[in-house]
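Trainee: Input file: entry16.txt. Contents: compact mmCIF, C-alpha atoms.
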```txt
# COMPACT_ATOMS: atom_id res chain seq x y z
CA MET J 85 -56.66 7.75 -63.64
CA SER J 86 -58.03 11.28 -63.89
CA ARG J 87 -58.18 13.10 -67.21
CA ALA J 88 -57.68 16.82 -67.90
CA PHE J 89 -59.14 19.04 -70.63
CA LEU J 90 -57.61 22.51 -71.08
CA ILE J 91 -59.75 24.55 -73.47
CA VAL J 92 -58.69 27.96 -74.79
CA MET J 93 -61.46 30.27 -75.99
CA ASP J 94 -59.15 32.29 -78.19
CA SER J 95 -59.28 36.03 -77.32
CA VAL J 96 -62.18 35.89 -74.81
CA GLY J 97 -60.69 38.46 -72.45
CA ILE J 98 -62.43 39.96 -69.43
CA GLY J 99 -60.64 43.31 -69.06
CA GLY J 100 -58.68 44.63 -66.12
CA ALA J 101 -55.08 43.86 -67.14
CA PRO J 102 -52.88 45.95 -64.84
CA ASP J 103 -50.44 46.78 -67.66
CA ALA J 104 -53.03 47.45 -70.37
CA GLY J 105 -51.85 51.04 -70.69
CA THR J 106 -48.53 49.90 -72.15
CA PHE J 107 -50.18 48.11 -75.10
CA PHE J 108 -51.79 49.97 -78.00
CA ASN J 109 -54.26 49.77 -80.88
CA ASP J 110 -53.92 52.48 -83.53
CA GLY J 111 -52.11 54.61 -80.95
CA ARG J 112 -54.81 54.15 -78.31
CA PRO J 113 -53.79 52.37 -75.10
CA ASP J 114 -55.70 49.21 -74.24
CA THR J 115 -56.75 50.66 -70.89
CA GLY J 116 -60.44 49.84 -70.50
CA ALA J 117 -60.57 47.18 -73.20
CA ASN J 118 -62.93 44.40 -72.13
CA THR J 119 -63.90 41.84 -74.76
CA LEU J 120 -66.64 40.04 -72.83
CA GLY J 121 -67.86 43.05 -70.87
CA HIS J 122 -68.34 45.26 -73.91
CA ILE J 123 -70.00 42.50 -75.93
CA ALA J 124 -72.46 41.86 -73.08
CA ARG J 125 -73.24 45.56 -72.74
CA LEU J 126 -73.78 46.09 -76.47
CA CYS J 127 -75.99 43.00 -76.67
CA ALA J 128 -78.14 44.28 -73.79
CA GLU J 129 -78.44 47.65 -75.55
CA GLY J 130 -79.74 45.98 -78.70
CA ARG J 131 -76.63 46.95 -80.67
CA ALA J 132 -75.53 43.41 -81.56
CA ASP J 133 -78.68 41.90 -83.04
CA GLU J 134 -77.39 40.72 -86.42
CA GLY J 135 -78.22 36.99 -86.50
CA ARG J 136 -79.20 37.00 -82.82
CA SER J 137 -81.08 39.28 -80.43
CA GLY J 138 -81.26 40.51 -76.86
CA PRO J 139 -78.88 40.14 -73.92
CA LEU J 140 -75.93 37.80 -74.22
CA GLN J 141 -76.99 34.28 -73.22
CA LEU J 142 -74.18 32.08 -71.84
CA PRO J 143 -75.91 29.94 -69.20
CA HIS J 144 -73.36 27.11 -69.02
CA LEU J 145 -70.22 29.24 -68.81
CA ASP J 146 -71.96 31.68 -66.47
CA ALA J 147 -72.99 28.81 -64.19
CA LEU J 148 -69.32 27.88 -63.88
CA GLY J 149 -68.52 31.48 -62.88
CA LEU J 150 -67.94 33.53 -66.03
CA GLY J 151 -69.87 36.59 -64.85
CA ALA J 152 -68.20 36.47 -61.44
CA ALA J 153 -64.78 36.23 -63.13
CA LEU J 154 -65.61 39.24 -65.30
CA THR J 155 -66.47 41.34 -62.24
CA LEU J 156 -63.37 40.13 -60.42
CA ALA J 157 -61.08 40.99 -63.33
CA SER J 158 -62.40 44.39 -64.27
CA GLY J 159 -64.87 45.55 -61.63
CA VAL J 160 -67.51 45.63 -64.37
CA GLY J 161 -70.42 43.21 -64.49
CA GLY J 162 -71.95 41.93 -67.69
CA PRO J 163 -75.70 42.18 -68.33
CA GLY J 164 -77.10 38.64 -68.33
CA LEU J 165 -74.03 37.24 -66.58
CA GLY J 166 -75.04 37.14 -62.95
CA ALA J 167 -75.29 33.47 -61.98
CA ALA J 168 -73.99 32.23 -58.64
CA PRO J 169 -70.85 30.22 -59.54
CA GLN J 170 -71.19 26.46 -59.33
CA GLY J 171 -67.69 25.70 -60.62
CA LEU J 172 -64.14 26.83 -60.10
CA TRP J 173 -63.72 30.45 -61.14
CA GLY J 174 -61.11 33.18 -61.17
CA ALA J 175 -59.20 35.58 -63.40
CA ALA J 176 -55.65 35.16 -64.73
CA SER J 177 -53.04 37.79 -65.61
CA GLU J 178 -50.18 37.42 -68.07
CA VAL J 179 -46.60 38.60 -67.50
CA SER J 180 -45.10 37.95 -70.96
CA ARG J 181 -44.59 41.16 -72.93
CA GLY J 182 -46.90 40.18 -75.73
CA LYS J 183 -50.64 39.94 -76.32
CA ASP J 184 -50.30 37.26 -78.96
CA THR J 185 -51.10 33.60 -79.47
CA PRO J 186 -47.71 32.03 -78.63
CA SER J 187 -47.15 34.19 -75.54
CA GLY J 188 -50.56 33.41 -74.09
CA HIS J 189 -50.54 29.69 -74.83
CA TRP J 190 -46.97 29.10 -73.71
CA GLU J 191 -47.58 30.90 -70.44
CA LEU J 192 -50.81 28.97 -69.84
CA ALA J 193 -48.66 25.87 -70.39
CA GLY J 194 -46.18 27.01 -67.74
CA VAL J 195 -43.54 28.91 -69.74
CA PRO J 196 -43.54 32.74 -69.78
CA VAL J 197 -41.75 34.26 -72.75
CA PRO J 198 -38.27 35.35 -71.61
CA TRP J 199 -37.59 37.73 -74.51
CA GLU J 200 -39.14 40.74 -76.22
CA TRP J 201 -40.85 39.80 -79.48
CA GLN J 202 -39.77 41.74 -82.54
CA TYR J 203 -42.27 43.37 -84.89
CA PHE J 204 -42.18 44.76 -88.40
CA PRO J 205 -42.87 48.51 -88.73
CA ASP J 206 -46.15 49.80 -90.10
CA SER J 207 -44.48 51.28 -93.15
CA GLN J 208 -43.92 50.23 -96.73
CA PRO J 209 -41.78 48.30 -97.16
CA SER J 210 -42.29 46.60 -93.79
CA PHE J 211 -39.58 43.97 -94.22
CA PRO J 212 -35.84 44.61 -94.25
CA PRO J 213 -34.17 43.90 -97.63
CA GLU J 214 -32.58 40.66 -96.41
CA VAL J 215 -35.99 39.24 -95.44
CA SER J 216 -37.57 40.21 -98.76
CA ALA J 217 -34.64 38.69 -100.62
CA ALA J 218 -34.87 35.46 -98.62
CA LEU J 219 -38.61 35.21 -99.32
CA ALA J 220 -38.12 35.67 -103.07
CA ALA J 221 -35.23 33.23 -103.17
CA ALA J 222 -37.16 30.55 -101.30
CA ALA J 223 -40.17 31.09 -103.59
CA GLY J 224 -38.02 30.99 -106.73
CA THR J 225 -39.37 34.36 -107.86
CA MET J 226 -37.89 37.75 -108.71
CA GLY J 227 -39.69 39.44 -105.84
CA ILE J 228 -42.67 39.50 -103.47
CA LEU J 229 -45.99 41.34 -103.33
CA GLY J 230 -47.38 43.27 -100.38
CA ASN J 231 -44.48 43.93 -97.99
CA CYS J 232 -46.76 45.87 -95.66
CA HIS J 233 -49.20 45.71 -92.75
CA ALA J 234 -52.54 44.44 -93.99
CA SER J 235 -55.71 42.51 -93.29
CA GLY J 236 -55.41 39.06 -94.81
CA THR J 237 -58.74 39.10 -96.62
CA GLU J 238 -58.17 42.64 -97.89
CA ILE J 239 -54.70 42.05 -99.28
CA ILE J 240 -55.74 38.82 -101.01
CA ALA J 241 -58.64 40.65 -102.66
CA ARG J 242 -56.33 43.49 -103.70
CA LEU J 243 -53.28 41.52 -104.86
CA GLY J 244 -54.67 38.07 -105.68
CA GLN J 245 -54.83 38.67 -109.42
CA ALA J 246 -51.32 40.15 -109.52
CA HIS J 247 -50.11 37.14 -107.56
CA GLN J 248 -51.65 34.70 -110.03
CA GLU J 249 -50.27 36.60 -113.00
CA SER J 250 -46.73 37.04 -111.62
CA GLY J 251 -46.38 33.98 -109.40
CA TRP J 252 -44.94 36.19 -106.65
CA PRO J 253 -46.13 35.35 -103.09
CA ILE J 254 -48.15 37.89 -101.12
CA CYS J 255 -46.20 38.69 -97.93
CA TYR J 256 -47.60 40.86 -95.16
CA THR J 257 -47.59 41.42 -91.41
CA SER J 258 -49.65 43.00 -88.64
CA ALA J 259 -49.30 44.36 -85.13
CA ASP J 260 -48.42 40.81 -84.05
CA SER J 261 -44.91 39.37 -84.24
CA VAL J 262 -45.70 37.55 -87.46
CA LEU J 263 -44.96 37.24 -91.16
CA GLN J 264 -47.85 35.89 -93.23
CA ILE J 265 -47.52 34.48 -96.74
CA ALA J 266 -50.61 34.10 -98.93
CA ALA J 267 -50.65 32.10 -102.14
CA HIS J 268 -53.20 30.46 -104.41
CA GLU J 269 -53.51 26.75 -103.68
CA GLU J 270 -53.87 25.83 -107.34
CA SER J 271 -51.75 28.26 -109.38
CA PHE J 272 -48.94 28.54 -106.79
CA GLY J 273 -49.48 25.23 -105.01
CA LEU J 274 -50.18 24.39 -101.38
CA GLU J 275 -47.05 22.29 -100.85
CA ARG J 276 -44.92 24.97 -102.48
CA LEU J 277 -46.38 27.54 -100.07
CA LEU J 278 -45.70 25.31 -97.07
CA ASP J 279 -42.15 24.66 -98.28
CA LEU J 280 -41.63 28.42 -98.64
CA CYS J 281 -42.79 29.07 -95.08
CA ARG J 282 -40.72 26.19 -93.76
CA ALA J 283 -37.61 27.50 -95.53
CA VAL J 284 -37.76 31.06 -94.17
CA ALA J 285 -39.07 30.28 -90.68
CA PRO J 286 -35.62 29.68 -89.08
CA MET J 287 -34.42 33.10 -90.23
CA LEU J 288 -37.51 34.80 -88.83
CA HIS J 289 -37.35 32.87 -85.57
CA ALA J 290 -33.72 33.94 -85.10
CA MET J 291 -35.00 37.53 -85.34
CA LYS J 292 -37.56 36.70 -82.59
CA ILE J 293 -40.47 36.96 -85.00
CA GLY J 294 -42.94 34.56 -83.42
CA ARG J 295 -44.64 32.94 -86.40
CA VAL J 296 -44.53 32.47 -90.14
CA ILE J 297 -48.08 31.68 -91.27
CA ALA J 298 -49.10 30.06 -94.55
CA ARG J 299 -52.38 31.57 -95.78
CA PRO J 300 -53.57 29.58 -98.81
CA PHE J 301 -56.58 30.73 -100.83
CA ILE J 302 -58.57 29.68 -103.86
CA GLY J 303 -60.94 31.28 -106.35
CA ALA J 304 -60.73 33.96 -109.02
CA PRO J 305 -60.45 37.78 -109.00
CA GLY J 306 -63.35 39.24 -107.08
CA ALA J 307 -64.14 35.91 -105.42
CA TYR J 308 -61.02 34.79 -103.56
CA THR J 309 -61.57 32.83 -100.35
CA ARG J 310 -59.07 31.50 -97.80
CA THR J 311 -59.00 27.74 -97.28
CA PRO J 312 -58.80 25.76 -94.03
CA ASN J 313 -55.22 24.71 -94.86
CA ARG J 314 -53.57 27.47 -92.84
CA ARG J 315 -50.34 26.36 -91.19
CA ASP J 316 -48.38 28.20 -88.48
CA PHE J 317 -44.62 27.76 -88.28
CA ALA J 318 -44.03 29.00 -84.74
CA ILE J 319 -40.82 29.48 -82.84
CA ALA J 320 -40.33 26.66 -80.35
CA PRO J 321 -41.10 27.31 -76.67
CA PRO J 322 -37.92 28.15 -74.73
CA ALA J 323 -38.48 25.43 -72.09
CA PRO J 324 -40.54 22.26 -71.62
CA THR J 325 -44.27 23.00 -71.36
CA LEU J 326 -47.21 21.21 -69.79
CA LEU J 327 -47.43 19.06 -72.92
CA ASP J 328 -43.80 18.02 -72.53
CA TRP J 329 -44.32 17.28 -68.82
CA ALA J 330 -47.21 14.97 -69.67
CA GLU J 331 -45.34 13.25 -72.49
CA ALA J 332 -42.29 12.70 -70.27
CA ALA J 333 -44.55 10.99 -67.74
CA GLY J 334 -45.89 8.66 -70.42
CA ARG J 335 -49.33 10.27 -70.55
CA PRO J 336 -51.38 10.40 -73.76
CA THR J 337 -51.68 13.94 -75.10
CA HIS J 338 -54.23 15.28 -77.56
CA ALA J 339 -54.01 18.63 -79.37
CA VAL J 340 -57.22 20.05 -80.86
CA GLY J 341 -57.02 22.85 -83.42
CA LYS J 342 -53.87 24.93 -83.80
CA ILE J 343 -52.27 23.75 -80.54
CA GLY J 344 -49.85 21.60 -82.54
CA ASP J 345 -48.56 24.57 -84.53
CA ILE J 346 -48.33 26.84 -81.47
CA PHE J 347 -46.10 24.37 -79.63
CA SER J 348 -44.05 23.35 -82.70
CA HIS J 349 -45.63 19.88 -82.31
CA ARG J 350 -43.63 19.24 -79.15
CA GLY J 351 -45.19 16.99 -76.52
CA ILE J 352 -48.16 16.11 -78.73
CA GLY J 353 -49.22 12.52 -79.19
CA THR J 354 -52.33 12.90 -81.36
CA LEU J 355 -53.34 15.93 -83.41
CA HIS J 356 -57.01 16.63 -84.15
CA LYS J 357 -57.59 19.19 -86.92
CA GLY J 358 -60.75 20.48 -88.58
CA LYS J 359 -61.93 22.99 -91.15
CA ASP J 360 -63.65 25.18 -88.54
CA ASP J 361 -64.53 25.42 -84.86
CA ALA J 362 -67.64 23.31 -85.36
CA ALA J 363 -65.51 20.43 -86.63
CA LEU J 364 -63.02 20.94 -83.79
CA PHE J 365 -65.82 20.78 -81.25
CA GLU J 366 -66.83 17.37 -82.53
CA HIS J 367 -63.25 16.22 -81.92
CA LEU J 368 -63.55 17.54 -78.37
CA MET J 369 -66.82 15.69 -77.90
CA ALA J 370 -65.23 12.45 -79.08
CA LEU J 371 -62.36 12.95 -76.65
CA ALA J 372 -64.81 13.55 -73.80
CA ASP J 373 -66.11 10.06 -74.51
CA HIS J 374 -62.91 8.24 -75.45
CA ALA J 375 -59.75 10.03 -74.24
CA GLU J 376 -57.56 7.64 -72.27
CA PRO J 377 -57.31 7.58 -68.46
CA GLY J 378 -54.57 9.96 -67.33
CA SER J 379 -54.61 11.88 -70.62
CA LEU J 380 -54.25 15.59 -71.33
CA THR J 381 -56.40 17.23 -74.01
CA PHE J 382 -55.36 20.78 -74.97
CA ALA J 383 -57.79 22.54 -77.33
CA ASN J 384 -57.99 25.93 -79.03
CA PHE J 385 -61.09 27.47 -80.59
CA VAL J 386 -59.83 30.28 -82.79
CA GLU J 387 -62.85 31.73 -84.58
CA PHE J 388 -63.79 34.17 -81.80
CA ASP J 389 -60.48 35.84 -82.62
CA SER J 390 -59.94 35.24 -86.32
CA LEU J 391 -63.46 35.81 -87.63
CA TYR J 392 -64.90 38.35 -85.20
CA GLY J 393 -62.34 40.00 -82.91
CA HIS J 394 -59.91 41.24 -85.55
CA ARG J 395 -62.80 42.23 -87.81
CA ARG J 396 -64.45 44.17 -84.95
CA ASP J 397 -67.71 42.30 -85.42
CA VAL J 398 -69.55 42.49 -82.09
CA ALA J 399 -72.66 40.61 -83.19
CA GLY J 400 -70.60 37.86 -84.81
CA TYR J 401 -68.52 37.47 -81.66
CA ALA J 402 -71.70 37.27 -79.57
CA ARG J 403 -73.14 34.59 -81.88
CA ALA J 404 -69.92 32.59 -81.58
CA LEU J 405 -69.99 32.82 -77.78
CA GLU J 406 -73.60 31.63 -77.62
CA TRP J 407 -72.86 28.77 -80.01
CA PHE J 408 -69.85 27.74 -77.92
CA ASP J 409 -71.80 27.93 -74.67
CA ALA J 410 -74.40 25.53 -76.04
CA GLY J 411 -71.53 23.21 -76.91
CA VAL J 412 -70.15 23.46 -73.38
CA GLY J 413 -73.40 21.97 -72.09
CA ARG J 414 -72.97 19.03 -74.46
CA PHE J 415 -69.30 18.59 -73.59
CA LEU J 416 -69.70 18.54 -69.81
CA ALA J 417 -72.44 15.92 -69.84
CA PRO J 418 -70.28 12.85 -70.68
CA LEU J 419 -67.30 13.80 -68.47
CA GLN J 420 -66.41 11.24 -65.84
CA PRO J 421 -65.94 11.53 -62.08
CA GLY J 422 -62.36 12.63 -61.49
CA ASP J 423 -62.09 14.57 -64.77
CA LEU J 424 -61.05 18.22 -64.79
CA ALA J 425 -62.13 20.67 -67.49
CA LEU J 426 -60.64 24.19 -67.48
CA PHE J 427 -61.84 26.95 -69.81
CA THR J 428 -59.64 30.00 -70.28
CA ALA J 429 -58.27 32.38 -72.96
CA ASP J 430 -54.89 33.51 -74.26
CA HIS J 431 -55.51 37.29 -74.58
CA GLY J 432 -58.33 39.67 -75.46
CA ASN J 433 -59.59 41.00 -78.78
CA ASP J 434 -62.30 43.51 -77.94
CA PRO J 435 -64.48 43.86 -81.06
CA SER J 436 -65.66 47.28 -79.87
CA TRP J 437 -62.11 48.66 -79.59
CA SER J 438 -59.94 50.77 -81.87
CA GLY J 439 -57.77 49.17 -84.52
CA THR J 440 -57.72 45.50 -85.43
CA ASP J 441 -55.17 44.11 -82.97
CA HIS J 442 -55.53 41.97 -79.86
CA THR J 443 -56.21 43.78 -76.60
CA ARG J 444 -54.28 43.32 -73.34
CA GLU J 445 -56.72 41.85 -70.81
CA ARG J 446 -57.07 39.40 -67.98
CA VAL J 447 -58.72 36.13 -68.95
CA PRO J 448 -61.29 33.89 -67.25
CA VAL J 449 -60.37 30.63 -65.56
CA LEU J 450 -63.43 28.40 -65.24
CA GLY J 451 -63.37 24.83 -64.04
CA TRP J 452 -65.62 21.78 -63.91
CA GLY J 453 -64.85 18.80 -61.72
CA VAL J 454 -63.83 20.27 -58.37
CA GLY J 455 -67.11 21.81 -57.24
CA ALA J 456 -67.74 25.47 -56.49
CA LYS J 457 -64.43 27.15 -55.77
CA ALA J 458 -63.31 30.79 -55.99
CA VAL J 459 -59.58 30.93 -56.77
CA GLY J 460 -59.30 34.71 -57.10
CA GLN J 461 -56.60 36.44 -59.13
CA VAL J 462 -54.12 33.90 -60.47
CA ALA J 463 -51.28 33.82 -62.98
CA PHE J 464 -51.36 32.23 -66.42
CA VAL J 465 -48.65 29.79 -65.29
CA ASP J 466 -50.89 28.67 -62.41
CA VAL J 467 -53.16 27.05 -65.01
CA ALA J 468 -50.36 24.68 -66.04
CA ALA J 469 -49.44 23.96 -62.42
CA SER J 470 -53.06 23.14 -61.62
CA VAL J 471 -53.50 20.79 -64.57
CA ALA J 472 -50.22 19.12 -63.66
CA ALA J 473 -51.33 18.71 -60.04
CA HIS J 474 -54.61 17.16 -61.17
CA LEU J 475 -52.78 14.66 -63.37
CA GLY J 476 -50.12 13.91 -60.76
CA LEU J 477 -47.32 15.35 -62.91
CA GLU J 478 -44.18 17.05 -61.68
CA THR J 479 -44.54 20.83 -62.12
CA ARG J 480 -41.39 22.21 -63.71
CA GLY J 481 -42.45 25.81 -64.21
CA PRO J 482 -42.99 28.77 -61.85
CA GLY J 483 -46.74 28.28 -61.36
CA ARG J 484 -48.66 27.23 -58.27
CA SER J 485 -51.74 25.03 -58.30
CA PHE J 486 -55.06 26.64 -57.37
CA LEU J 487 -56.87 23.32 -57.03
```
What would you get if you wrote out this structure as structure tokens?

Mentor:
Amino acid sequence: MSRAFLIVMDSVGIGGAPDAGTFFNDGRPDTGANTLGHIARLCAEGRADEGRSGPLQLPHLDALGLGAALTLASGVGGPGLGAAPQGLWGAASEVSRGKDTPSGHWELAGVPVPWEWQYFPDSQPSFPPEVSAALAAAAGTMGILGNCHASGTEIIARLGQAHQESGWPICYTSADSVLQIAAHEESFGLERLLDLCRAVAPMLHAMKIGRVIARPFIGAPGAYTRTPNRRDFAIAPPAPTLLDWAEAAGRPTHAVGKIGDIFSHRGIGTLHKGKDDAALFEHLMALADHAEPGSLTFANFVEFDSLYGHRRDVAGYARALEWFDAGVGRFLAPLQPGDLALFTADHGNDPSWSGTDHTRERVPVLGWGVGAKAVGQVAFVDVAASVAAHLGLETRGPGRSFL
């Protein structure tokens, strides 16, 4: 039986979203944002040479059709991305009214978000009194720290010592529909932090806040560092997803990275976690060799987004892309006849753009296993329909297969 690998390059957008003007970063509309296109241009101009040099080099993804997908999506080519496509290639547009992780992943898995996400205002305090009170009560403290929009690394550096001295959790948000809780793994306790997030998540989900995220850290004042033990408590998808379709058909399912958290662990047979993308890629390599016939592997590689997009680090993002592309060459080599591998993204996060938020963009759809095939402009939900068609599953969502 054929196998399918659906691989999300988190935030690797390619511009051109038709509704980009209705999404904003620091008051600036996302019109013209283009994660891949701007990185390629800045690399070619010699403006992204920290730890690398010269034009962006992505030979394996470009051979599948990455450069062609970029031009299709945005009308803008990328220097160094001009290969004639040898794989399936196209560009996908999202309809959910969010440029966030759950919206993108759920829609790629066949389920557009049927509601408007709620967000906390960029003011201080950001949280309504009932939320702050619930957080303190669940933590067993007299109050909380933060209560504002913030960068995770910045607020931990600023409030970490006060947190250790008071025992109060650091609670903050961003432009995403999210509430993040940071706490010291040793003085506060990792399990206590996870229990806190678990306790307040239902209240936040009822408000249509998409995720409560545990952000543990270690260290001492001036040298705090976040650990790999992040945990997302996400609202459950509103309908069965591609993972559920596969599970219902008795197919083995594998989730690599934060896929388990994004889908509230629904439809997931085996979870493969790691401390970083390099460790996750080794899980993907093992699955290329050993995943069962008829199985679905759904993987997310988050560091493009978390380490480089939000921090507006163009050179770092370019390094991550080139590292990943080299891995793609390794991954494709052991795939078997009849396998399908699709590479895509969940949203954009243009590191050359204003602000620190995601950017509304189309995303690439690149495929190995069906030969050279231009699929044109497709919908996010068509990705799920296509994977389902390849695996012989019943498609329960609104998508249409492009295979």

Trainee: For a quick check of understanding, using all atoms listed in the file, which of J:Glu200, J:Asp373, J:Glu331, J:Asp103 has the smallest distance to Ala417 (chain J)?

Mentor: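 Under the stated criterion, the closest residue is J:Asp373.
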
Trainee: At a cut-off of 10 Å, can you tabulate as a tab-separated table every residue of region 197-304 of chain J near region 433-442 of chain J together with its closest atom pair and the distance in Å to one decimal, using all atoms listed in the file and ordering rows by chain then number?

Mentor:
```
residue	atom	partner	partner_atom	distance
J:Ser235	CA	J:Thr440	CA	8.6
J:Ser258	CA	J:Asp441	CA	8.0
J:Ala259	CA	J:Asp441	CA	6.3
J:Asp260	CA	J:Asp441	CA	7.6
```

Trainee: Restricting it to C-alpha atoms, dump the selection as an mmCIF file, keeping the file's coordinate frame.

Mentor:
```
data_model
loop_
_atom_site.group_PDB
_atom_site.id
_atom_site.type_symbol
_atom_site.label_atom_id
_atom_site.label_comp_id
_atom_site.auth_asym_id
_atom_site.auth_seq_id
_atom_site.Cartn_x
_atom_site.Cartn_y
_atom_site.Cartn_z
ATOM 1 C CA SER J 235 -55.710 42.510 -93.290
ATOM 2 C CA SER J 258 -49.650 43.000 -88.640
ATOM 3 C CA ALA J 259 -49.300 44.360 -85.130
ATOM 4 C CA ASP J 260 -48.420 40.810 -84.050
#
```

Trainee: (-45.4, 31.4, -103.6) in this file's frame - what residues fall within 6 Å of it? Use only C-alpha atoms and give the answer as a list in words.

Mentor: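 Nearby residues: Ala223, Trp252, Pro253, Ala267, Phe272 and Leu277 of chain J.
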
Trainee: Would you list the contacts of Gly224 (chain J) as a PyMOL selection string, taking every protein, DNA or RNA residue within 10 Å and counting all atoms listed in the file, but skipping same-chain residues closer than 4 positions in sequence?

Mentor: chain J and resi 218-220+251-253+280

Trainee: Could you pull the residues within 12 Å of Ala372 (chain J), counting all atoms listed in the file, minus those fewer than 2 positions along the same chain, as an MDAnalysis selection string?

Mentor: chainID J and resid 87:90 338 365:370 374:377 379:383 412 414:421 423:425

Trainee: With distances taken over only C-alpha atoms, which residue among J:Met291, J:Val447, J:Ala320, J:Ile265 lies nearest Gly432 (chain J)?

Mentor: J:Val447

Trainee: Around all listed atoms of region 431-449 of chain J, padded 5 Å per side, what centre and edge lengths does the axis-aligned box have in Å to one decimal, as JSON?

Mentor:
```
{"center_x": -60.0, "center_y": 40.7, "center_z": -75.5, "size_x": 21.4, "size_y": 30.1, "size_z": 29.9}
```

Trainee: Quick one: pull the distance between CA of Ser180 (chain J) and CA of Val462 (chain J), Å, one decimal.

Mentor: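 Interatomic distance, CA of Ser180 (chain J) to CA of Val462 (chain J): 14.4 Å.
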
Trainee: Give me the residues within 10 Å of Gly476 (chain J) as a ChimeraX atom specification, counting only C-alpha atoms and dropping any in the same chain fewer than 3 places off.

Mentor: /J:85-86,330,333,378,470-473,479

Trainee: Can you spit out the residues from that selection as a compact mmCIF listing (two decimals), in the frame of the given file, using C-alpha atoms?

Mentor:
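For reference, result-v6.txt as written:
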```txt
# COMPACT_ATOMS: atom_id res chain seq x y z
CA MET J 85 -56.66 7.75 -63.64
CA SER J 86 -58.03 11.28 -63.89
CA ALA J 330 -47.21 14.97 -69.67
CA ALA J 333 -44.55 10.99 -67.74
CA GLY J 378 -54.57 9.96 -67.33
CA SER J 470 -53.06 23.14 -61.62
CA VAL J 471 -53.50 20.79 -64.57
CA ALA J 472 -50.22 19.12 -63.66
CA ALA J 473 -51.33 18.71 -60.04
CA THR J 479 -44.54 20.83 -62.12
```

Trainee: With all atoms listed in the file as the counted atoms, please give the residues lying no more than 12 Å from Gln208 (chain J), apart from itself and same-chain residues fewer than 6 positions off, as a PyMOL selection string.

Mentor: chain J and resi 229-234+255-257

Trainee: For the atom pair CA of Gly227 (chain J) and CA of Ile239 (chain J), what is the interatomic distance in Å to one decimal place?

Mentor: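 Going from CA of Gly227 (chain J) over to CA of Ile239 (chain J), I get 16.6 Å.
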
Trainee: Here is a test: counting all atoms listed in the file, which residue of J:Leu243, J:Ala323, J:Val262, J:Leu172 is nearest to Pro198 (chain J)?

Mentor: J:Ala323

Trainee: Can you tell me which residues surround Gly451 (chain J) at a distance of at most 9 Å, considering only C-alpha atoms, apart from same-chain residues fewer than 5 positions away, and format the answer as a list in words?

Mentor: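 Listing them by chain and then by number gives Leu148, Gly149, Gly171, Leu172, Trp173, Leu424, Ala425, Leu426, Phe427, Thr428, Ala456 and Lys457 of chain J.
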
Trainee: Counting all atoms listed in the file, note down every residue that has an atom within 7 Å of the point (-58.0, 41.0, -66.3) (file coordinates), as an NGL selection string.

Mentor: :J and (98-101 or 157-158 or 175-177 or 445-447)

Trainee: Using only C-alpha atoms, please write the residues we just selected to a file, as an mmCIF file, in the coordinates of the input.

Mentor:
```
data_model
loop_
_atom_site.group_PDB
_atom_site.id
_atom_site.type_symbol
_atom_site.label_atom_id
_atom_site.label_comp_id
_atom_site.auth_asym_id
_atom_site.auth_seq_id
_atom_site.Cartn_x
_atom_site.Cartn_y
_atom_site.Cartn_z
ATOM 1 C CA ILE J 98 -62.430 39.960 -69.430
ATOM 2 C CA GLY J 99 -60.640 43.310 -69.060
ATOM 3 C CA GLY J 100 -58.680 44.630 -66.120
ATOM 4 C CA ALA J 101 -55.080 43.860 -67.140
ATOM 5 C CA ALA J 157 -61.080 40.990 -63.330
ATOM 6 C CA SER J 158 -62.400 44.390 -64.270
ATOM 7 C CA ALA J 175 -59.200 35.580 -63.400
ATOM 8 C CA ALA J 176 -55.650 35.160 -64.730
ATOM 9 C CA SER J 177 -53.040 37.790 -65.610
ATOM 10 C CA GLU J 445 -56.720 41.850 -70.810
ATOM 11 C CA ARG J 446 -57.070 39.400 -67.980
ATOM 12 C CA VAL J 447 -58.720 36.130 -68.950
#
```

Trainee: How far is it from CA of Ala168 (chain J) to CA of Asp94 (chain J), in Å with one decimal?

Mentor: 24.5 Å

Trainee: Which residue out of J:Met93, J:Val179, J:Ala153, J:Leu487 has the minimum interatomic distance to Pro196 (chain J) when only C-alpha atoms are used?

Mentor: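 Of J:Met93, J:Val179, J:Ala153, J:Leu487, the one nearest Pro196 (chain J), counting only C-alpha atoms, is J:Val179.
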